[in-house]
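So this block is entry-v9.pdb, PDB, C-alpha atoms:
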ATOM      1  CA  MET A   1     144.274  70.875  70.232
ATOM      2  CA  SER A   2     147.907  69.837  69.969
ATOM      3  CA  ASP A   3     150.711  70.559  72.398
ATOM      4  CA  ASN A   4     151.844  73.756  70.625
ATOM      5  CA  SER A   5     149.978  76.915  69.679
ATOM      6  CA  THR A   6     150.726  76.772  65.958
ATOM      7  CA  THR A   7     149.007  73.422  65.298
ATOM      8  CA  GLN A   8     145.279  72.749  65.296
ATOM      9  CA  TRP A   9     143.685  69.315  65.023
ATOM     10  CA  LEU A  10     140.539  69.182  62.930
ATOM     11  CA  LEU A  11     138.255  66.167  62.906
ATOM     12  CA  LEU A  12     136.303  65.858  59.657
ATOM     13  CA  PRO A  13     134.136  62.757  60.176
ATOM     14  CA  ASP A  14     132.295  63.127  56.875
ATOM     15  CA  ILE A  15     135.542  63.069  54.894
ATOM     16  CA  PHE A  16     138.204  61.224  56.900
ATOM     17  CA  HIS A  17     138.038  58.482  59.503
ATOM     18  CA  LYS A  18     141.197  59.831  61.159
ATOM     19  CA  PRO A  19     142.062  63.329  62.411
ATOM     20  CA  ALA A  20     143.481  65.735  59.836
ATOM     21  CA  VAL A  21     146.375  67.864  61.109
ATOM     22  CA  LEU A  22     146.955  71.276  59.491
ATOM     23  CA  GLN A  23     150.105  73.113  60.545
ATOM     24  CA  PHE A  24     150.672  76.834  60.030
ATOM     25  CA  ASP A  25     154.138  77.132  61.523
ATOM     26  CA  GLN A  26     156.242  77.664  58.411
ATOM     27  CA  ARG A  27     158.283  80.825  58.912
ATOM     28  CA  GLN A  28     158.233  81.798  55.247
ATOM     29  CA  GLY A  29     154.444  81.485  54.974
ATOM     30  CA  SER A  30     152.034  84.432  54.879
ATOM     31  CA  SER A  31     148.295  84.938  54.622
ATOM     32  CA  ASP A  32     148.552  88.472  53.174
ATOM     33  CA  GLY A  33     149.420  87.776  49.540
ATOM     34  CA  GLY A  34     146.746  90.189  48.366
ATOM     35  CA  ALA A  35     148.746  93.050  49.893
ATOM     36  CA  LEU A  36     150.964  92.992  46.814
ATOM     37  CA  LEU A  37     148.093  94.721  45.007
ATOM     38  CA  LEU A  38     148.357  97.536  47.551
ATOM     39  CA  LYS A  39     152.039  97.833  46.732
ATOM     40  CA  ALA A  40     151.223  98.099  43.025
ATOM     41  CA  ALA A  41     148.627 100.794  43.719
ATOM     42  CA  ASP A  42     151.058 102.809  45.820
ATOM     43  CA  ARG A  43     153.711 102.608  43.098
ATOM     44  CA  ARG A  44     151.185 104.062  40.691
ATOM     45  CA  TYR A  45     149.922 106.865  42.911
ATOM     46  CA  GLY A  46     153.035 107.564  44.990
ATOM     47  CA  LEU A  47     150.927 108.341  48.051
ATOM     48  CA  ILE A  48     153.289 106.971  50.714
ATOM     49  CA  ALA A  49     156.323 108.716  49.207
ATOM     50  CA  GLY A  50     154.388 111.991  49.026
ATOM     51  CA  MET A  51     153.295 111.718  52.649
ATOM     52  CA  ALA A  52     156.786 110.720  53.793
ATOM     53  CA  ASP A  53     158.089 113.973  52.285
ATOM     54  CA  CYS A  54     155.929 115.812  54.826
ATOM     55  CA  LEU A  55     157.909 114.390  57.753
ATOM     56  CA  ARG A  56     161.162 115.668  59.242
ATOM     57  CA  ASP A  57     163.623 113.118  60.579
ATOM     58  CA  GLU A  58     165.357 114.553  63.641
ATOM     59  CA  ARG A  59     166.867 111.253  64.822
ATOM     60  CA  GLN A  60     170.592 110.620  65.025
ATOM     61  CA  ALA A  61     171.539 109.116  61.665
ATOM     62  CA  GLY A  62     173.969 106.621  63.169
ATOM     63  CA  LYS A  63     171.238 105.078  65.312
ATOM     64  CA  VAL A  64     168.598 104.726  62.603
ATOM     65  CA  ASP A  65     167.693 101.277  61.262
ATOM     66  CA  HIS A  66     164.376 102.176  59.612
ATOM     67  CA  SER A  67     163.727 105.334  57.577
ATOM     68  CA  LEU A  68     160.596 107.407  58.185
ATOM     69  CA  LYS A  69     159.269 106.320  54.800
ATOM     70  CA  GLU A  70     159.687 102.660  55.798
ATOM     71  CA  LEU A  71     157.967 103.213  59.151
ATOM     72  CA  LEU A  72     155.089 105.032  57.482
ATOM     73  CA  ALA A  73     154.768 102.340  54.819
ATOM     74  CA  GLN A  74     154.836  99.591  57.443
ATOM     75  CA  ARG A  75     151.949 101.172  59.359
ATOM     76  CA  VAL A  76     149.919 101.969  56.229
ATOM     77  CA  PHE A  77     150.215  98.475  54.784
ATOM     78  CA  SER A  78     149.610  96.797  58.157
ATOM     79  CA  ILE A  79     146.443  98.797  58.807
ATOM     80  CA  ALA A  80     145.221  98.144  55.253
ATOM     81  CA  CYS A  81     145.711  94.401  55.857
ATOM     82  CA  GLY A  82     143.599  94.493  59.032
ATOM     83  CA  TYR A  83     146.308  94.939  61.684
ATOM     84  CA  PRO A  84     145.475  98.290  63.317
ATOM     85  CA  ASP A  85     147.678  97.993  66.414
ATOM     86  CA  ALA A  86     151.413  98.572  66.547
ATOM     87  CA  ASN A  87     151.526  95.466  68.764
ATOM     88  CA  ASP A  88     150.873  93.408  65.623
ATOM     89  CA  ALA A  89     154.442  94.171  64.547
ATOM     90  CA  ALA A  90     155.621  91.468  66.944
ATOM     91  CA  ARG A  91     154.397  88.809  64.511
ATOM     92  CA  LEU A  92     154.470  90.757  61.252
ATOM     93  CA  ALA A  93     158.057  92.004  61.409
ATOM     94  CA  ALA A  94     159.347  88.769  59.844
ATOM     95  CA  ASP A  95     156.361  88.149  57.544
ATOM     96  CA  PRO A  96     157.750  87.637  54.011
ATOM     97  CA  ILE A  97     154.930  89.511  52.274
ATOM     98  CA  HIS A  98     155.202  92.506  54.566
ATOM     99  CA  LYS A  99     158.960  92.590  54.023
ATOM    100  CA  MET A 100     158.390  92.538  50.255
ATOM    101  CA  LEU A 101     156.039  95.507  50.634
ATOM    102  CA  LEU A 102     159.034  97.484  51.941
ATOM    103  CA  ASP A 103     161.296  96.241  49.115
ATOM    104  CA  ARG A 104     163.155  93.772  51.312
ATOM    105  CA  ASP A 105     164.063  90.204  50.474
ATOM    106  CA  PRO A 106     161.243  88.022  51.898
ATOM    107  CA  GLY A 107     163.706  85.506  53.294
ATOM    108  CA  ALA A 108     167.098  87.037  53.960
ATOM    109  CA  GLY A 109     165.890  90.619  54.275
ATOM    110  CA  ARG A 110     166.079  92.520  57.558
ATOM    111  CA  ASP A 111     162.996  92.277  59.764
ATOM    112  CA  LEU A 112     160.652  95.236  59.943
ATOM    113  CA  ALA A 113     160.420  97.676  62.836
ATOM    114  CA  SER A 114     159.282  96.540  66.277
ATOM    115  CA  GLN A 115     156.285  97.839  68.219
ATOM    116  CA  PRO A 116     158.334 100.262  70.389
ATOM    117  CA  THR A 117     159.928 101.780  67.273
ATOM    118  CA  LEU A 118     156.534 102.230  65.624
ATOM    119  CA  SER A 119     155.048 103.756  68.769
ATOM    120  CA  ARG A 120     157.905 106.267  69.042
ATOM    121  CA  PHE A 121     157.420 107.121  65.375
ATOM    122  CA  GLU A 122     153.700 107.774  65.775
ATOM    123  CA  ASN A 123     154.143 109.839  68.946
ATOM    124  CA  ALA A 124     156.847 111.986  67.335
ATOM    125  CA  ILE A 125     154.500 113.372  64.659
ATOM    126  CA  GLY A 126     153.460 116.928  65.521
ATOM    127  CA  VAL A 127     150.503 119.114  64.581
ATOM    128  CA  LYS A 128     152.271 120.831  61.670
ATOM    129  CA  GLU A 129     153.279 117.496  60.181
ATOM    130  CA  LEU A 130     149.741 116.168  60.562
ATOM    131  CA  TYR A 131     148.480 119.220  58.686
ATOM    132  CA  ARG A 132     150.952 118.611  55.858
ATOM    133  CA  LEU A 133     150.000 114.910  55.750
ATOM    134  CA  GLY A 134     146.350 115.904  55.363
ATOM    135  CA  GLU A 135     147.226 118.236  52.513
ATOM    136  CA  ALA A 136     149.265 115.518  50.795
ATOM    137  CA  LEU A 137     146.339 113.068  50.939
ATOM    138  CA  ALA A 138     143.841 115.561  49.532
ATOM    139  CA  ALA A 139     146.250 116.785  46.838
ATOM    140  CA  SER A 140     146.940 113.216  45.713
ATOM    141  CA  VAL A 141     143.225 112.464  45.318
ATOM    142  CA  LEU A 142     142.384 115.705  43.510
ATOM    143  CA  GLN A 143     145.380 115.560  41.175
ATOM    144  CA  ARG A 144     144.583 111.978  40.178
ATOM    145  CA  HIS A 145     140.978 112.791  39.307
ATOM    146  CA  ALA A 146     141.897 116.018  37.546
ATOM    147  CA  GLU A 147     144.112 113.912  35.269
ATOM    148  CA  ARG A 148     141.404 111.252  34.910
ATOM    149  CA  LEU A 149     138.665 113.658  33.866
ATOM    150  CA  ARG A 150     140.915 115.878  31.705
ATOM    151  CA  GLY A 151     139.059 119.178  32.067
ATOM    152  CA  ARG A 152     135.552 117.682  32.056
ATOM    153  CA  VAL A 153     134.801 118.583  35.667
ATOM    154  CA  ARG A 154     131.928 121.026  36.075
ATOM    155  CA  ARG A 155     131.130 120.473  39.747
ATOM    156  CA  VAL A 156     132.933 119.015  42.752
ATOM    157  CA  THR A 157     130.785 117.931  45.696
ATOM    158  CA  LEU A 158     132.255 117.953  49.189
ATOM    159  CA  ASP A 159     130.695 115.831  51.940
ATOM    160  CA  LEU A 160     131.743 115.965  55.598
ATOM    161  CA  ASP A 161     130.618 113.150  57.863
ATOM    162  CA  PRO A 162     131.455 112.587  61.542
ATOM    163  CA  THR A 163     131.657 109.012  62.725
ATOM    164  CA  ASP A 164     132.151 107.462  66.145
ATOM    165  CA  ASP A 165     135.306 105.466  66.810
ATOM    166  CA  PRO A 166     134.640 103.574  70.083
ATOM    167  CA  THR A 167     137.523 103.310  72.539
ATOM    168  CA  HIS A 168     138.140 100.502  75.001
ATOM    169  CA  GLY A 169     140.555 101.916  77.530
ATOM    170  CA  ALA A 170     141.888 105.170  78.916
ATOM    171  CA  GLN A 171     143.074 106.672  75.640
ATOM    172  CA  GLN A 172     143.849 110.371  75.618
ATOM    173  CA  LEU A 173     140.918 112.517  74.365
ATOM    174  CA  SER A 174     138.496 109.615  74.622
ATOM    175  CA  PHE A 175     135.216 110.952  76.026
ATOM    176  CA  PHE A 176     131.658 109.735  76.465
ATOM    177  CA  ASN A 177     129.432 110.810  73.590
ATOM    178  CA  ARG A 178     125.791 110.991  74.544
ATOM    179  CA  HIS A 179     124.524 110.747  70.969
ATOM    180  CA  TYR A 180     126.420 107.513  70.250
ATOM    181  CA  ASP A 181     126.075 106.265  73.857
ATOM    182  CA  THR A 182     129.715 105.173  74.077
ATOM    183  CA  TRP A 183     133.226 106.298  74.959
ATOM    184  CA  CYS A 184     134.849 107.215  71.670
ATOM    185  CA  TYR A 185     136.717 109.554  69.396
ATOM    186  CA  LEU A 186     134.643 111.517  66.883
ATOM    187  CA  PRO A 187     136.722 111.798  63.701
ATOM    188  CA  VAL A 188     135.342 113.648  60.700
ATOM    189  CA  MET A 189     135.807 112.339  57.167
ATOM    190  CA  GLY A 190     135.804 114.382  53.966
ATOM    191  CA  PHE A 191     134.743 112.930  50.614
ATOM    192  CA  VAL A 192     134.715 114.364  47.099
ATOM    193  CA  SER A 193     132.683 113.351  44.075
ATOM    194  CA  PHE A 194     132.738 114.764  40.552
ATOM    195  CA  ASN A 195     129.888 115.943  38.318
ATOM    196  CA  ASP A 196     127.041 113.415  38.635
ATOM    197  CA  GLU A 197     129.232 110.413  39.486
ATOM    198  CA  ALA A 198     127.913 108.314  42.365
ATOM    199  CA  GLU A 199     131.371 107.263  43.577
ATOM    200  CA  GLN A 200     132.810 109.220  46.518
ATOM    201  CA  TYR A 201     136.531 109.411  47.291
ATOM    202  CA  LEU A 202     138.031 109.925  50.733
ATOM    203  CA  CYS A 203     140.204 113.049  50.756
ATOM    204  CA  ALA A 204     140.368 114.052  54.438
ATOM    205  CA  ALA A 205     140.327 112.375  57.843
ATOM    206  CA  VAL A 206     140.724 114.360  61.060
ATOM    207  CA  LEU A 207     140.780 112.721  64.486
ATOM    208  CA  ARG A 208     138.854 114.654  67.144
ATOM    209  CA  PRO A 209     137.960 114.172  70.824
ATOM    210  CA  GLY A 210     134.826 112.171  71.494
ATOM    211  CA  ASN A 211     132.872 115.039  73.062
ATOM    212  CA  VAL A 212     133.046 117.640  70.276
ATOM    213  CA  THR A 213     130.160 118.762  68.095
ATOM    214  CA  ALA A 214     129.920 117.714  64.455
ATOM    215  CA  ALA A 215     130.858 121.227  63.304
ATOM    216  CA  ALA A 216     134.092 121.440  65.331
ATOM    217  CA  GLY A 217     136.948 122.240  62.955
ATOM    218  CA  ALA A 218     134.717 122.072  59.868
ATOM    219  CA  VAL A 219     135.573 125.592  58.666
ATOM    220  CA  GLY A 220     139.292 124.846  58.596
ATOM    221  CA  ILE A 221     138.802 121.516  56.821
ATOM    222  CA  LEU A 222     136.534 123.028  54.163
ATOM    223  CA  ARG A 223     138.817 126.019  53.613
ATOM    224  CA  ARG A 224     141.810 123.756  53.016
ATOM    225  CA  LEU A 225     139.905 121.434  50.665
ATOM    226  CA  MET A 226     138.412 124.309  48.686
ATOM    227  CA  GLN A 227     141.851 125.838  48.153
ATOM    228  CA  LEU A 228     143.148 122.542  46.787
ATOM    229  CA  ILE A 229     140.096 122.053  44.560
ATOM    230  CA  ARG A 230     140.561 125.511  43.046
ATOM    231  CA  HIS A 231     144.249 124.778  42.506
ATOM    232  CA  PHE A 232     143.799 121.466  40.684
ATOM    233  CA  LEU A 233     140.384 122.192  39.125
ATOM    234  CA  PRO A 234     140.143 125.956  38.557
ATOM    235  CA  GLY A 235     136.756 127.401  37.714
ATOM    236  CA  VAL A 236     134.609 124.488  38.925
ATOM    237  CA  CYS A 237     131.474 124.920  41.002
ATOM    238  CA  ILE A 238     131.896 123.599  44.544
ATOM    239  CA  ARG A 239     128.901 122.083  46.298
ATOM    240  CA  VAL A 240     129.046 121.347  50.035
ATOM    241  CA  ARG A 241     126.645 118.806  51.550
ATOM    242  CA  LEU A 242     126.244 118.565  55.315
ATOM    243  CA  ASP A 243     123.791 117.101  57.785
ATOM    244  CA  GLY A 244     121.984 118.998  60.527
ATOM    245  CA  GLY A 245     124.757 118.500  63.071
ATOM    246  CA  PHE A 246     126.934 120.977  61.153
ATOM    247  CA  ALA A 247     124.443 123.828  61.459
ATOM    248  CA  HIS A 248     126.536 126.493  63.182
ATOM    249  CA  PRO A 249     126.588 130.262  62.587
ATOM    250  CA  GLU A 250     130.352 130.369  61.981
ATOM    251  CA  LEU A 251     130.124 127.656  59.315
ATOM    252  CA  LEU A 252     127.111 129.289  57.655
ATOM    253  CA  ASP A 253     128.876 132.671  57.522
ATOM    254  CA  PHE A 254     131.955 131.053  56.005
ATOM    255  CA  LEU A 255     129.994 129.315  53.248
ATOM    256  CA  ASP A 256     127.958 132.440  52.479
ATOM    257  CA  ALA A 257     131.177 134.394  51.952
ATOM    258  CA  GLU A 258     132.804 131.856  49.606
ATOM    259  CA  PRO A 259     132.402 132.698  45.888
ATOM    260  CA  GLY A 260     131.273 129.943  43.555
ATOM    261  CA  VAL A 261     130.095 127.719  46.418
ATOM    262  CA  GLU A 262     126.628 126.271  46.902
ATOM    263  CA  TYR A 263     125.639 124.304  49.956
ATOM    264  CA  VAL A 264     122.800 122.101  51.128
ATOM    265  CA  TRP A 265     121.857 120.856  54.582
ATOM    266  CA  ARG A 266     120.016 117.654  55.381
ATOM    267  CA  TRP A 267     117.675 118.009  58.306
ATOM    268  CA  PRO A 268     116.072 115.113  60.188
ATOM    269  CA  LYS A 269     112.316 114.634  59.773
ATOM    270  CA  MET A 270     110.424 116.634  62.332
ATOM    271  CA  ARG A 271     107.728 114.854  64.348
ATOM    272  CA  CYS A 272     104.606 116.733  65.327
TER     273      CYS A 272
END

structure tokens encoding of this file:
Amino acid sequence: MSDNSTTQWLLLPDIFHKPAVLQFDQRQGSSDGGALLLKAADRRYGLIAGMADCLRDERQAGKVDHSLKELLAQRVFSIACGYPDANDAARLAADPIHKMLLDRDPGAGRDLASQPTLSRFENAIGVKELYRLGEALAASVLQRHAERLRGRVRRVTLDLDPTDDPTHGAQQLSFFNRHYDTWCYLPVMGFVSFNDEAEQYLCAAVLRPGNVTAAAGAVGILRRLMQLIRHFLPGVCIRVRLDGGFAHPELLDFLDAEPGVEYVWRWPKMRC
């Protein structure tokens, strides 16, 4: 290793007889060039703009350096590039590619928001805004596929799947889950597929405490998704697929009462 953290010495004896020095300390360099494809996709679908419209900015205008849309875009693009923590903003704020993603000049443009600004932004989002963000995501997916299939949709299949998200600290609502044998959150994901297509598309993601059952909140999620499906794809048959963890009387009663809905449960193999 060299005497500074941005330089690594690599010895390649099969190629060179002397050490090769590779330096990655150029300020205008970036390793996230592929993120420009994400920018192109968002321009086509308008997802970030649609979700930003769900947020209310109650900050003092004279003290604002970054709009809510910019903060949302910064977090979305950072997470998509593999930087899940707001702490990553300390080294990404001046990254030329990430500045281009927010329509700023990669060199002379203003740096992106810092970690404290991003943390305040995330903590300021309330329950009602989260609900509207969820609706915006689902509506974007369903509208896009309604336009793609142009009235050829006969059946929409809804799948709900819980998944463990292990935690590594004292995060709020992190609990020990006996089934997954870890401290975690237990978010539930919603996916839609159309007709007999194998491809599934994420349309809902709800974060939940780590100690809830699979069926917790499922009725509300399904009700919201069904309303949107009937709005964008009127007259289609809706099929709901769930595993055994969702077997709950309240959920069964809800599905039985819904017109034009069929549902199937997958049960684990019983051992004698």

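Considering the residues A:Leu233, A:Ala215, A:Leu173, A:Ala35 and counting only C-alpha atoms, His145 of chain A has its shortest atom-to-atom contact with A:Leu233.
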
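Using all atoms listed in the file for every distance, the candidate list A:Ala216, A:Lys69, A:Tyr83, A:Cys203 yields A:Lys69 as the residue closest to Asp57 of chain A.
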
Report as a list of chain:residue names the full result of the PyMOL selection byres ((chain A and resi 143) around 10) when it is applied to this structure.
-> A:Tyr45, A:Ala138, A:Ala139, A:Ser140, A:Val141, A:Leu142, A:Arg144, A:His145, A:Ala146, A:Glu147, A:Arg148, A:Leu228, A:Ile229, A:His231, A:Phe232, A:Leu233

To one decimal in Å, tell me the separation between atom CA of Ile97 of chain A and atom CA of Gly62 of chain A.
-> 27.8 Å

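For the pair atom CA of Gln74 of chain A and atom CA of Met100 of chain A, the separation is 10.7 Å.
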
Run through the PyMOL selection byres ((chain A and resi 77) around 8) on the given coordinates and return the selected residues as JSON, numbers by chain.
-> {"A": [35, 38, 73, 74, 75, 76, 78, 79, 80, 81, 98, 101]}

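Using all atoms listed in the file, the protein and nucleic acid residues lying at most 12 Å from the point (123.6, 126.1, 62.2) are Thr213, Ala214, Ala215, Ala216, Leu242, Asp243, Gly244, Gly245, Phe246, Ala247, His248, Pro249, Glu250, Leu251, Leu252, Asp253, Phe254, Leu255, Val264, Trp265, Arg266 and Trp267 of chain A.
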
Given the file shown, enumerate the residues that the PyMOL selection byres ((chain A and resi 183) around 6) captures and present them as a list of chain:residue names.
-> A:Pro166, A:Thr167, A:Phe175, A:Phe176, A:Thr182, A:Cys184

Repaired coordinates for segment 61-72 of chain A (all heavy atoms) as a tab-separated table (two decimals), keeping the file's coordinate frame:
chain	number	residue	atom	x	y	z
A	61	ALA	N	171.42	109.99	62.83
A	61	ALA	CA	171.54	109.12	61.66
A	61	ALA	C	172.24	107.81	61.98
A	61	ALA	O	171.88	106.75	61.45
A	61	ALA	CB	172.29	109.85	60.55
A	62	GLY	N	173.23	107.82	62.86
A	62	GLY	CA	173.97	106.62	63.17
A	62	GLY	C	173.20	105.60	63.96
A	62	GLY	O	173.64	104.45	64.10
A	63	LYS	N	172.04	105.99	64.50
A	63	LYS	CA	171.24	105.08	65.31
A	63	LYS	C	169.93	104.68	64.62
A	63	LYS	O	169.05	104.10	65.25
A	63	LYS	CB	170.92	105.72	66.67
A	63	LYS	CG	172.16	106.06	67.49
A	63	LYS	CD	171.77	106.69	68.82
A	63	LYS	CE	173.01	107.01	69.65
A	63	LYS	NZ	172.64	107.64	70.95
A	64	VAL	N	169.85	104.98	63.34
A	64	VAL	CA	168.60	104.73	62.60
A	64	VAL	C	168.71	103.43	61.80
A	64	VAL	O	169.62	103.26	61.01
A	64	VAL	CB	168.28	105.91	61.65
A	64	VAL	CG1	167.11	105.56	60.74
A	64	VAL	CG2	167.97	107.16	62.46
A	65	ASP	N	167.77	102.52	62.03
A	65	ASP	CA	167.69	101.28	61.26
A	65	ASP	C	166.56	101.31	60.23
A	65	ASP	O	166.60	100.57	59.25
A	65	ASP	CB	167.48	100.08	62.18
A	65	ASP	CG	168.70	99.77	63.05
A	65	ASP	OD1	169.82	99.98	62.55
A	65	ASP	OD2	168.52	99.34	64.20
A	66	HIS	N	165.55	102.13	60.48
A	66	HIS	CA	164.38	102.18	59.61
A	66	HIS	C	164.08	103.64	59.27
A	66	HIS	O	163.89	104.46	60.17
A	66	HIS	CB	163.16	101.54	60.29
A	66	HIS	CG	163.43	100.19	60.89
A	66	HIS	ND1	163.41	99.04	60.15
A	66	HIS	CD2	163.74	99.83	62.16
A	66	HIS	CE1	163.69	98.01	60.94
A	66	HIS	NE2	163.89	98.46	62.17
A	67	SER	N	164.02	103.96	58.00
A	67	SER	CA	163.73	105.33	57.58
A	67	SER	C	162.28	105.69	57.90
A	67	SER	O	161.44	104.80	58.12
A	67	SER	CB	163.97	105.49	56.08
A	67	SER	OG	163.01	104.75	55.34
A	68	LEU	N	161.97	106.98	57.92
A	68	LEU	CA	160.60	107.41	58.18
A	68	LEU	C	159.65	106.89	57.11
A	68	LEU	O	158.50	106.53	57.40
A	68	LEU	CB	160.53	108.93	58.27
A	68	LEU	CG	161.22	109.59	59.47
A	68	LEU	CD1	160.97	111.09	59.47
A	68	LEU	CD2	160.76	108.97	60.78
A	69	LYS	N	160.11	106.85	55.87
A	69	LYS	CA	159.27	106.32	54.80
A	69	LYS	C	158.94	104.85	55.05
A	69	LYS	O	157.81	104.41	54.84
A	69	LYS	CB	159.96	106.49	53.45
A	69	LYS	CG	159.13	105.97	52.28
A	69	LYS	CD	159.85	106.11	50.95
A	69	LYS	CE	159.03	105.51	49.82
A	69	LYS	NZ	159.73	105.60	48.52
A	70	GLU	N	159.93	104.07	55.52
A	70	GLU	CA	159.69	102.66	55.80
A	70	GLU	C	158.72	102.50	56.97
A	70	GLU	O	157.83	101.64	56.92
A	70	GLU	CB	161.01	101.96	56.10
A	70	GLU	CG	161.91	101.78	54.89
A	70	GLU	CD	163.24	101.17	55.24
A	70	GLU	OE1	163.71	101.37	56.40
A	70	GLU	OE2	163.83	100.50	54.39
A	71	LEU	N	158.87	103.31	58.01
A	71	LEU	CA	157.97	103.21	59.15
A	71	LEU	C	156.54	103.58	58.75
A	71	LEU	O	155.57	102.92	59.16
A	71	LEU	CB	158.46	104.13	60.27
A	71	LEU	CG	159.80	103.75	60.90
A	71	LEU	CD1	160.23	104.82	61.91
A	71	LEU	CD2	159.72	102.39	61.57
A	72	LEU	N	156.41	104.63	57.95
A	72	LEU	CA	155.09	105.03	57.48
A	72	LEU	C	154.48	103.93	56.61
A	72	LEU	O	153.30	103.58	56.78
A	72	LEU	CB	155.19	106.34	56.70
A	72	LEU	CG	153.89	106.87	56.07
A	72	LEU	CD1	152.88	107.20	57.15
A	72	LEU	CD2	154.17	108.10	55.21
